[in-house]
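S.K.: Here it is: the structure, laid out below.
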Amino acid sequence: TFEGGTVVEVLRSLERTHTAVAGWVLDEHGRIRPHVNVFVNGDHGREETPVAPDDRVHVLPSITGG
C-alpha cells in the first residue's frame with residue numbers, strides 16, 4: 001500500500017519505498033516515462049488522476065515489437 005491522492009503521488013511513494021525502481025517509472029521532471037503505462041481501476045491514468053485509498057493502481061511497461 002502506498003500513500004497519495006494522485007497517481008504521481010502514489011508513484012513517488014513507490015519510488016521512495018522501492019529505491020530500485022527510482023527513475024524507471026518517473027523521469028527527472030516527475031512525469032510518467034513514455035514507455036510506462038499506468039492504470040487506475042483498469043482505466044488509463046495520468047499524473048493528475050485522483051487515487052482513493054481503495055483504488056488499485058497498475059504500472060506496466062509498454063510492449064513493442066512485431
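Each chain in the C-alpha cells gets a letter, A, B, ..., in the order shown, and its residues are numbered from 1; ligands are numbered from 1 in order too.
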Please return, as a count of residues only, all residues of chain A that DSSP assigns to helix (DSSP H, G or I) on the basis of the backbone.
M.R.: 14
S.K.: Can you list, as a list in words, every protein, DNA or RNA residue that comes within 9 Å of range 15-24 of chain A when you count only C-alpha atoms, leaving out same-chain residues fewer than 5 positions away?
M.R.: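 Within the cut-off, the hits are Phe2, Val10, Ile32, Arg33 and Val36 of chain A.
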S.K.: From the options A:Val57, A:Val8, A:Ile63, A:Leu14, which residue's atoms come nearest to His29 in chain A, counting only C-alpha atoms?
M.R.: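 Ranking A:Val57, A:Val8, A:Ile63, A:Leu14 by distance to His29 in chain A, first place goes to A:Val8.
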S.K.: If we count only C-alpha atoms, what is near Thr64 in chain A at a cut-off of 12 Å, once residues fewer than 2 positions away on the same chain are taken out, given as an NGL selection string?
M.R.: :A and (35-36 or 61-62 or 66)
S.K.: Include C-alpha atoms and write out the residues we just selected as a compact mmCIF listing (two decimals), in the first residue's frame.
M.R.:
# COMPACT_ATOMS: atom_id res chain seq x y z
CA HIS A 35 7.35 3.65 -22.02
CA VAL A 36 5.30 3.21 -18.82
CA PRO A 61 5.89 -1.27 -19.27
CA SER A 62 4.91 -0.72 -22.89
CA GLY A 66 6.29 -7.25 -34.26
S.K.: Find, counting only C-alpha atoms, the residue in A:Pro50, A:Gly65, A:Asp27, A:Asp55 that gets nearest to Gly5 in chain A.
M.R.: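 Using only C-alpha atoms, Gly5 in chain A sits closest to A:Pro50.
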S.K.: In Å to one decimal, how far is CA of Val25 in chain A from CA of Phe39 in chain A?
M.R.: 13.1 Å
S.K.: With distances taken over only C-alpha atoms, which residue among A:Leu60, A:Glu47, A:Glu28, A:Asn37 lies nearest Leu11 in chain A?
M.R.: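 Counting only C-alpha atoms, the residue closest to Leu11 in chain A is A:Glu47.
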S.K.: Enumerate the residues of chain A with a DSSP assignment of strand (DSSP E or B), computed from the backbone, and present them as a compact mmCIF listing (two decimals) with N, CA and C atoms, in the first residue's frame.
M.R.:
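Final output, part_5.txt:
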# COMPACT_ATOMS: atom_id res chain seq x y z
N THR A 6 -3.01 11.33 -5.79
CA THR A 6 -2.97 11.31 -7.25
C THR A 6 -2.00 10.22 -7.69
N LEU A 26 9.16 7.30 -13.13
CA LEU A 26 9.07 8.76 -13.28
C LEU A 26 10.40 9.29 -13.81
N ILE A 32 5.45 10.69 -15.75
CA ILE A 32 5.49 9.26 -16.10
C ILE A 32 6.26 9.11 -17.40
N VAL A 36 6.01 3.76 -19.97
CA VAL A 36 5.30 3.21 -18.82
C VAL A 36 3.81 3.54 -18.93
N ASN A 37 2.98 2.54 -18.71
CA ASN A 37 1.53 2.73 -18.70
C ASN A 37 1.03 2.57 -17.27
N VAL A 38 0.15 3.47 -16.85
CA VAL A 38 -0.42 3.42 -15.51
C VAL A 38 -1.94 3.34 -15.65
N PHE A 39 -2.53 2.41 -14.90
CA PHE A 39 -3.97 2.23 -14.91
C PHE A 39 -4.49 2.32 -13.48
N VAL A 40 -5.61 3.01 -13.32
CA VAL A 40 -6.29 3.11 -12.02
C VAL A 40 -7.64 2.42 -12.18
N ASP A 43 -8.62 1.77 -15.77
CA ASP A 43 -8.67 2.89 -16.70
C ASP A 43 -7.30 3.56 -16.79
N HIS A 44 -6.92 3.99 -17.99
CA HIS A 44 -5.63 4.64 -18.18
C HIS A 44 -5.54 5.87 -17.28
N PRO A 50 -6.88 11.24 -9.92
CA PRO A 50 -7.10 11.02 -8.48
C PRO A 50 -7.03 9.54 -8.12
N VAL A 57 -3.89 0.48 -8.46
CA VAL A 57 -3.04 1.13 -9.47
C VAL A 57 -2.08 0.07 -10.02
N HIS A 58 -2.07 -0.05 -11.36
CA HIS A 58 -1.16 -0.97 -12.03
C HIS A 58 -0.14 -0.16 -12.83
N VAL A 59 1.11 -0.53 -12.75
CA VAL A 59 2.19 0.11 -13.51
C VAL A 59 2.78 -0.96 -14.42
N LEU A 60 2.68 -0.73 -15.73
CA LEU A 60 3.10 -1.72 -16.71
C LEU A 60 4.01 -1.09 -17.76
N PRO A 61 5.06 -1.78 -18.18
CA PRO A 61 5.89 -1.27 -19.27
C PRO A 61 5.15 -1.44 -20.60
S.K.: Find the distance between CA of Pro34 in chain A and CA of Glu3 in chain A and write it in Å to one decimal.
M.R.: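 Between CA of Pro34 in chain A and CA of Glu3 in chain A the gap works out to 23.2 Å.
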